[in-house]
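Below is one structure, written out as structure tokens; comments come after it.
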Amino acid sequence: MGIRERDRKVYRPLRRAGLEVIPDAVPDGTMPFVHGYGAEDVTGGFSHRYDTPRLVERLNEDWYDLAVSSGLLDRRREFLVQLPQGTRTHRAALRHLHSDSDTGPSVWTRVRLLERWDIMGRGAGSAFLGVGAGRPGFAMMALDSSVYVHGSTGETGVDVLAVAHPGRSGNILRHLEWITVHDSPYVNREFKARIAVWLAARARNAVDP
């Protein structure tokens with residue numbers, strides 16, 4: 001897949017949602033994946049049922065409040081969003097999550113929040129940040145990795161949470177280490193290698209800052 005195809009199929013829909021993609025600009029040392037956090041790691045968030053009046057508007061308002069208060073956005077309103085490789089949609093990524101280890105893992109992409117945006121409407125409806133308007137599914141990270149924000153669509157409503165300093169969480173680090181040492185037909189080799197490289201670099205930095 002070429003750059004033009006990814007621009008047409010992925011970047012343009014995101015721009016219509018108010019996210020300008022900044023290619024090849026992910027900071028060095030960004031942790032490749034965040035998972036395994038516990039309730040004690042969650043530092044903020046919100047939930048809304050699907051029958052909430054003005055659902056998309058409420059979700060957008062609360063997402064922005066959380067993004068600002070948690071430090072997700074830098075002074076240029078830039079942050080990272082995790083996107084499936086190629087032109088796979090969020091729905092396709094979910095479908096292959098536990099059934100296709102050959103599918104490339106999601107990757108961080110740097111974006112800038114424009115003045116006019118609609119993360120929970122057009123963004124979720126773009127097929128890359130959810131499965132439809134008001135049905136988000138995304139992972140976001142501050143450029144300095146100081147906060148991770150995750151949005152998910154459940155059976156009865158939408159949940160969005162923030163985890164501060166995920167790279168310091170014992171729960172998350174143990175989960176990442178588990179991924180690297182356990183063989184599973186559902187875990188992509190490239191994904192495991194990427195995590196192992198990050199963990200090794202983190203260990204070296206801890207010894208020799």
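Labeling convention for the structure tokens: chains A, B, ... as they appear, residues from 1 per chain, ligands from 1 in order of appearance.
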Contacts of region 49-78 of chain A with region 10-32 of chain A up to 12 Å, shortest pair per row, only C-alpha atoms, as a tab-separated table:
residue	atom	partner	partner_atom	distance
A:Asn60	CA	A:Ala17	CA	11.4
A:Arg76	CA	A:Glu20	CA	11.8
A:Arg77	CA	A:Leu19	CA	10.0
A:Glu78	CA	A:Glu20	CA	9.1
For the residues in the current selection, export N, CA and C atoms as a PDB file, in the first residue's frame.
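result_8.pdb written:
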ATOM      1  N   ASN A  60     -17.967  14.332  23.065  1.00  0.00           N
ATOM      2  CA  ASN A  60     -16.934  15.266  22.607  1.00  0.00           C
ATOM      3  C   ASN A  60     -16.526  16.233  23.714  1.00  0.00           C
ATOM      4  N   ARG A  76       0.791  22.648  21.153  1.00  0.00           N
ATOM      5  CA  ARG A  76       0.355  22.742  19.769  1.00  0.00           C
ATOM      6  C   ARG A  76      -0.865  21.865  19.502  1.00  0.00           C
ATOM      7  N   ARG A  77      -1.466  21.334  20.569  1.00  0.00           N
ATOM      8  CA  ARG A  77      -2.629  20.449  20.479  1.00  0.00           C
ATOM      9  C   ARG A  77      -2.299  19.172  19.713  1.00  0.00           C
ATOM     10  N   GLU A  78      -1.072  18.686  19.894  1.00  0.00           N
ATOM     11  CA  GLU A  78      -0.640  17.463  19.241  1.00  0.00           C
ATOM     12  C   GLU A  78      -0.606  16.313  20.239  1.00  0.00           C
TER      13      GLU A  78
END
Margin query: For the structure I just gave you, how does DSSP split region 7-208 of chain A - specifically, which residues are helix (DSSP H, G or I)? Reply as number ranges by chain.
Written below: A: 7-16, 39-41, 55-70, 90-96, 119-125, 166-168, 170-181, 189-207
Next item on the list: Would you please give, as number ranges by chain, all residues of chain A that DSSP assigns to strand (DSSP E or B) based on the backbone?
Entry: A: 19-22, 42-49, 78-83, 107-113, 130-132, 135-136, 138-141, 147-153, 157-164
Item checked: Contacts of region 133-149 of chain A at 9 Å (only C-alpha atoms; same-chain gap of 4+ positions) as a ChimeraX atom specification -> /A:26-27,29-31,34,45,50,55-57,59,66-67,70-74,78-83,90-91,108,110,119-126,128-129,153-154,157-167
Check: With only C-alpha atoms as the atoms that count, which of A:Val187, A:Val68, A:Ile172, A:Ala39 lies nearest to Leu199 (chain A)?
Finding: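 Counting only C-alpha atoms, the residue closest to Leu199 (chain A) is A:Ile172.
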